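As structure tokens, the structure follows; a few thoughts come after it.
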Amino acid sequence: MYKSPSKVRQASLFWDLETMLSPKNSLYKLANLIDWNLFEQSFAPLYSKDTGRMAKPIRLMVGLLILKHLRDVSDESVVEQFSENAYFQYFCGMEAFRTDAPCVPTELVEFRRRIGESGMELILKESIRINLLIGDHRKEEMQGKDGKDGRGRKPDAEHTAFIDTTVQEKNVTFPTDSKLLNKVIAFCHSVAEKENLKVRQSYAKEIKELKLVQRFRGRKNSKAKVRKADKRMRTIAGRLLRELLRLLPDRNAYQKRIDICMRLVNGERLDGHKIYSLHEPDVLCISKGKEGKKYEFGNKVSIVRLWDGLIIGALSFRNEYDGHTIDKAMEQVRRLYDRKIKTLACDRGYRGQSMSGQTQIIIPDTPKKTDSRYAKNKKHKLFRKRAGIEPVIGHCKADHRLGRNFYKGLFGDSINVMLAAAAFNFKRAMRLLLCLIERVIMWCCGRQELNFQHQFFPQGYMKKCDVAFLRVDYLTFQFLK
């Protein structure tokens, strides 16, 4: 059951967060820019109106999701830090400071399932809107209210985007056949012991000898012995699984895990898909040609970035060819980004497609003989700028949980990349909020700064940044208003 919170704010007599915290804090400013009513209107119909226990506020749950990826912490950590951090509580809509936990960490799991992929896209769309709002405000102050350059036209950078793919690694260990087969055999022994099943043979002594042979896999003259031991382990695992199927009833609690183990033992003969992890059977082995990592285990994701670094598209795929991901990625960009993209710059991995709707796709190639020097320099600049998407992907992996995906299943693959991209955009907006006011002051105030210094500091001049911080409260109020 869900009931919308009252819009009438009752300030606390002693601990009102809005007056207690500093309005110069970037998280404080970001909380005032996000349209929380949008999430309230979109997610409230997903709850029952009159049955069940009262649900947590939607702003609280969305705020915790954003903070989790913004600070690169787990569900448990973000719930724990909420009770310690006053700015976290203000960001999530609390009026007064509280010391208890806002929710159980598993409630975040249920909330992610409730809002689904469309809800994650809505969070990403809101992060894009805030960055565009800040960018448009800065351009109006710098160039005039029409946003055009000195020649009366808008710059091409607003209509140019860059796309690249990377691998989102799953939270699995490096898989080897012997390791997985040992897990299957241990699983069979544990089920037989738990259910008091009398198996015909446990192979305990033989398995111990085979593990000793597998231990010296790296020795020079042991390849044939290790290969024979692996084959024998696969045979034993298959026998134990079939023994469980004979002894257990048709409907049992272990059927799903037994099916996955049978797919592993039988290899790729059943469905053509090799199993690399028992708890994540959908993991793929992807080779991107990297020297440091020859193979990565997870799934492929596509990132679309603007000229100024804003991520406007983040979509999960399986292991498609890069060129086949363009159309789906651009469909998501059209849903999230309400401005037209005329040019999309890619690397050579996207060969085979020149147009996606009305967007032209440009791939690095040898210059044409008919190209002028200006055209060659323009293309060269464009493809040099395209390389800037690599550090953006690196920051998403290092700072916003894209490097290792802890969410389960294909649904987890899809939502993790969108939350990581949204967190990157929110962090970018926080940095812009810190430097925007100083830039606006330096451009707008002009000689007024000197008069301001003469009036209040007649004994000597201050630095421009000091004057900027003295006037930061007023301009913050004007911008947020």
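Ordering of the structure tokens sets the chain letters (A, B, ...); residue numbers start at 1 within each chain; ligands are numbered from 1 in the order shown.
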Do you have, as a tab-separated table, the list of residues of stretch 397-423 of chain A lying at most 12 Å from stretch 266-279 of chain A, each with its nearest atom pair and that distance in Å to one decimal, counting only C-alpha atoms and ordered by chain then number?
```
residue	atom	partner	partner_atom	distance
A:Phe406	CA	A:His279	CA	11.8
A:Tyr407	CA	A:His279	CA	11.6
A:Lys408	CA	A:His279	CA	8.8
A:Gly409	CA	A:His279	CA	9.1
```
Let's have the selection written as a PDB file, in the first residue's frame, with C-alpha atoms.
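The result, written out as part00.pdb:
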```pdb
ATOM      1  CA  PHE A 406      26.560  -7.210  -8.338  1.00  0.00           C
ATOM      2  CA  TYR A 407      22.929  -7.300  -9.525  1.00  0.00           C
ATOM      3  CA  LYS A 408      21.511 -10.694 -10.435  1.00  0.00           C
ATOM      4  CA  GLY A 409      20.440 -11.919 -13.848  1.00  0.00           C
TER       5      GLY A 409
END
```
Show me, as a ChimeraX atom specification, the residues that have an atom within 6 Å of A:Thr343 when counting only C-alpha atoms, minus same-chain residues fewer than 2 positions from it.
/A:160,341,359-360
Write a file of the just-selected residues containing C-alpha atoms, as a short mmCIF file (atom, residue, chain, number, x, y, z; two decimals), in the first residue's frame.
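Wrote result-v4.cif, looks like this:
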```
data_model
loop_
_atom_site.label_atom_id
_atom_site.label_comp_id
_atom_site.auth_asym_id
_atom_site.auth_seq_id
_atom_site.Cartn_x
_atom_site.Cartn_y
_atom_site.Cartn_z
CA THR A 160 27.24 15.62 -32.23
CA ILE A 341 21.63 14.23 -32.98
CA THR A 359 21.66 10.51 -37.79
CA GLN A 360 24.82 10.23 -39.88
#
```
Which of A:Ala420, A:Ile363, A:Ala204, A:Cys103 sits closest to A:Ile303 [using only C-alpha atoms]
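Selected residue with least distance to A:Ile303: A:Ala420.
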Restricting the calculation to only C-alpha atoms: of A:Arg242, A:His380, A:Lys369, A:Lys342, which residue gets closest to A:Met355?
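Nearest to A:Met355: A:Lys342.
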Counting only C-alpha atoms, figure out which residue out of A:Ile389, A:Met262, A:Ala161, A:Val191 gets nearest to A:Ile362.
A:Ala161
Please produce, as CSV, a per-residue contact table for stretch 37-90 of chain A versus stretch 113-130 of chain A (criterion: any atom at most 9 Å away, only C-alpha atoms considered), showing the nearest atom pair and its distance in Å to one decimal, sorted by chain then residue number.
```
residue,atom,partner,partner_atom,distance
A:Leu38,CA,A:Leu122,CA,8.8
A:Phe39,CA,A:Leu122,CA,7.9
A:Ser42,CA,A:Gly119,CA,8.1
A:Phe43,CA,A:Ile115,CA,6.6
A:Leu46,CA,A:Arg114,CA,7.1
A:Tyr47,CA,A:Arg114,CA,8.6
A:Val62,CA,A:Ile123,CA,8.3
A:Ile66,CA,A:Ile123,CA,8.4
```
Take the residues that were just selected and, keeping C-alpha atoms, output them as a short mmCIF file (atom, residue, chain, number, x, y, z; two decimals), in the first residue's frame.
```cif
data_model
loop_
_atom_site.label_atom_id
_atom_site.label_comp_id
_atom_site.auth_asym_id
_atom_site.auth_seq_id
_atom_site.Cartn_x
_atom_site.Cartn_y
_atom_site.Cartn_z
CA LEU A 38 8.11 13.25 -11.53
CA PHE A 39 9.13 10.06 -9.71
CA SER A 42 5.38 7.75 -12.28
CA PHE A 43 5.96 5.18 -9.52
CA LEU A 46 2.84 0.68 -9.20
CA TYR A 47 1.69 0.32 -5.58
CA VAL A 62 14.97 6.84 -5.37
CA ILE A 66 21.10 7.49 -6.60
#
```
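A straight line drawn from atom CA of A:Asp177 to atom CA of A:Glu206 is 17.7 Å long.
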As an exercise, work out the distance from atom CA of A:Val333 to atom CA of A:Tyr28 in Å and give it to one decimal place.
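Distance reported for this atom pair: 28.6 Å.
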Name all residues at most 8 Å from A:Gly309 (count only C-alpha atoms; drop same-chain ones fewer than 3 positions away) and give them as an MDAnalysis selection string.
chainID A and resid 305:306 388:389 392
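Counting from atom CA of A:Val78, the distance to atom CA of A:Ile393 is 23.4 Å.
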Who sits within 8 Å of A:Arg428, only C-alpha atoms, same chain under 4 positions skipped, as a compact mmCIF listing (two decimals) with all heavy atoms, in the first residue's frame:
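So the final result, stored in part_21.txt, reads:
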```
# COMPACT_ATOMS: atom_id res chain seq x y z
N ASN A 131 21.57 18.36 -16.16
CA ASN A 131 22.80 18.83 -16.79
C ASN A 131 22.51 19.79 -17.94
O ASN A 131 23.23 20.78 -18.12
CB ASN A 131 23.60 17.62 -17.30
CG ASN A 131 24.39 16.94 -16.20
OD1 ASN A 131 25.54 17.28 -15.94
ND2 ASN A 131 23.77 15.97 -15.55
N LEU A 310 28.48 14.70 -21.30
CA LEU A 310 27.22 14.22 -20.73
C LEU A 310 26.82 12.90 -21.39
O LEU A 310 26.80 12.77 -22.61
CB LEU A 310 26.12 15.26 -20.94
CG LEU A 310 24.72 14.89 -20.50
CD1 LEU A 310 24.67 14.69 -18.99
CD2 LEU A 310 23.72 15.96 -20.92
N PHE A 424 26.97 9.11 -12.90
CA PHE A 424 28.01 9.93 -13.53
C PHE A 424 27.47 11.30 -13.89
O PHE A 424 28.14 12.33 -13.67
CB PHE A 424 28.53 9.22 -14.78
CG PHE A 424 29.57 9.99 -15.54
CD1 PHE A 424 30.91 9.89 -15.22
CD2 PHE A 424 29.21 10.83 -16.58
CE1 PHE A 424 31.87 10.61 -15.92
CE2 PHE A 424 30.15 11.55 -17.29
CZ PHE A 424 31.48 11.44 -16.96
N LEU A 432 29.48 21.02 -11.82
CA LEU A 432 29.09 22.24 -12.52
C LEU A 432 28.46 23.25 -11.58
O LEU A 432 28.66 24.45 -11.72
CB LEU A 432 28.11 21.90 -13.66
CG LEU A 432 28.70 21.17 -14.86
CD1 LEU A 432 27.60 20.82 -15.85
CD2 LEU A 432 29.77 22.00 -15.55
```
Can you check which residues of stretch 175-411 of chain A DSSP gives as strand (DSSP E) on the backbone and send them as a ChimeraX atom specification?
/A:284-286,296-306,311-316,343-345,355-356,359-362,404-405
Which residue is closest to A:Asp72? Choose from A:Leu181, A:Ala398, A:Val265, A:Ala186 and count only C-alpha atoms.
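For A:Asp72, the nearest of the candidates is A:Ala398.
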Point out the residue among A:Leu344, A:Ile163, A:Ser356, A:Ser316 with the least atom-to-atom distance to A:Val304, counting only C-alpha atoms.
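Going through A:Leu344, A:Ile163, A:Ser356, A:Ser316 one by one, the smallest distance to A:Val304 is for A:Ile163.
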Nearby residues (only C-alpha atoms) at most 12 Å from A:Val199, same-chain spacing under 4 positions excluded, as a list in words:
Cys188, His189, Ser190, Val191, Ala192, Glu193, Glu195, Tyr203, Arg239, Leu240, Leu241, Arg242, Glu243, Leu244, Leu245, Arg246, Leu247 and Leu248 of chain A
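Comparing A:Lys3, A:Leu264, A:Ser414, A:Asp282 by their smallest distance to A:Arg53, the closest is A:Lys3 (using only C-alpha atoms).
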Those of stretch 312-356 of chain A in DSSP alpha helix (DSSP H), formatted as a PyMOL selection string:
chain A and resi 326-336
Store the residues of this selection in a file with all heavy atoms, as a compact mmCIF listing (two decimals), in the first residue's frame.
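And here is the file that came out, part.txt:
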```txt
# COMPACT_ATOMS: atom_id res chain seq x y z
N ILE A 326 23.82 -0.01 -32.76
CA ILE A 326 23.62 1.43 -32.97
C ILE A 326 22.14 1.79 -32.94
O ILE A 326 21.73 2.75 -32.27
CB ILE A 326 24.26 1.87 -34.29
CG1 ILE A 326 25.78 1.73 -34.22
CG2 ILE A 326 23.90 3.31 -34.62
CD1 ILE A 326 26.50 2.12 -35.49
N ASP A 327 21.31 1.05 -33.66
CA ASP A 327 19.90 1.42 -33.78
C ASP A 327 19.19 1.40 -32.44
O ASP A 327 18.44 2.32 -32.09
CB ASP A 327 19.20 0.48 -34.77
CG ASP A 327 19.67 0.69 -36.20
OD1 ASP A 327 20.14 1.81 -36.50
OD2 ASP A 327 19.59 -0.25 -37.01
N LYS A 328 19.41 0.35 -31.65
CA LYS A 328 18.77 0.27 -30.34
C LYS A 328 19.29 1.36 -29.41
O LYS A 328 18.52 1.94 -28.62
CB LYS A 328 19.00 -1.10 -29.72
CG LYS A 328 18.29 -2.23 -30.43
CD LYS A 328 18.52 -3.55 -29.72
CE LYS A 328 17.80 -4.69 -30.44
NZ LYS A 328 18.04 -6.00 -29.78
N ALA A 329 20.59 1.64 -29.49
CA ALA A 329 21.15 2.70 -28.64
C ALA A 329 20.57 4.06 -29.02
O ALA A 329 20.26 4.88 -28.13
CB ALA A 329 22.67 2.71 -28.76
N MET A 330 20.41 4.31 -30.31
CA MET A 330 19.86 5.60 -30.73
C MET A 330 18.37 5.72 -30.42
O MET A 330 17.86 6.82 -30.20
CB MET A 330 20.10 5.80 -32.23
CG MET A 330 21.57 5.99 -32.59
SD MET A 330 22.39 7.29 -31.64
CE MET A 330 21.47 8.73 -32.16
N GLU A 331 17.65 4.60 -30.40
CA GLU A 331 16.25 4.64 -29.97
C GLU A 331 16.14 5.09 -28.52
O GLU A 331 15.26 5.89 -28.16
CB GLU A 331 15.61 3.26 -30.13
CG GLU A 331 15.29 2.89 -31.57
CD GLU A 331 14.69 1.50 -31.67
OE1 GLU A 331 14.33 0.94 -30.61
OE2 GLU A 331 14.59 0.97 -32.78
N GLN A 332 17.03 4.59 -27.68
CA GLN A 332 17.02 5.03 -26.28
C GLN A 332 17.40 6.50 -26.17
O GLN A 332 16.82 7.24 -25.36
CB GLN A 332 17.98 4.17 -25.46
CG GLN A 332 17.89 4.46 -23.97
CD GLN A 332 19.09 3.93 -23.20
OE1 GLN A 332 20.21 4.00 -23.67
NE2 GLN A 332 18.84 3.42 -22.01
N VAL A 333 18.35 6.95 -26.99
CA VAL A 333 18.75 8.36 -26.95
C VAL A 333 17.58 9.25 -27.32
O VAL A 333 17.36 10.30 -26.70
CB VAL A 333 19.95 8.58 -27.90
CG1 VAL A 333 20.20 10.07 -28.10
CG2 VAL A 333 21.20 7.92 -27.35
N ARG A 334 16.78 8.85 -28.29
CA ARG A 334 15.62 9.66 -28.68
C ARG A 334 14.58 9.70 -27.57
O ARG A 334 13.84 10.69 -27.46
CB ARG A 334 15.01 9.10 -29.97
CG ARG A 334 15.95 9.18 -31.17
CD ARG A 334 15.27 8.73 -32.45
NE ARG A 334 16.27 8.55 -33.51
CZ ARG A 334 16.72 7.38 -33.92
NH1 ARG A 334 16.26 6.26 -33.37
NH2 ARG A 334 17.62 7.29 -34.88
N ARG A 335 14.48 8.65 -26.77
CA ARG A 335 13.54 8.67 -25.65
C ARG A 335 14.02 9.57 -24.52
O ARG A 335 13.21 10.21 -23.84
CB ARG A 335 13.34 7.25 -25.10
CG ARG A 335 12.59 6.32 -26.01
CD ARG A 335 12.11 5.08 -25.25
NE ARG A 335 13.20 4.35 -24.63
CZ ARG A 335 13.84 3.34 -25.19
NH1 ARG A 335 13.51 2.95 -26.41
NH2 ARG A 335 14.81 2.70 -24.54
N LEU A 336 15.32 9.61 -24.30
CA LEU A 336 15.87 10.33 -23.14
C LEU A 336 16.30 11.74 -23.47
O LEU A 336 16.23 12.62 -22.60
CB LEU A 336 17.07 9.56 -22.58
CG LEU A 336 16.83 8.11 -22.16
CD1 LEU A 336 18.12 7.51 -21.62
CD2 LEU A 336 15.73 8.00 -21.14
```
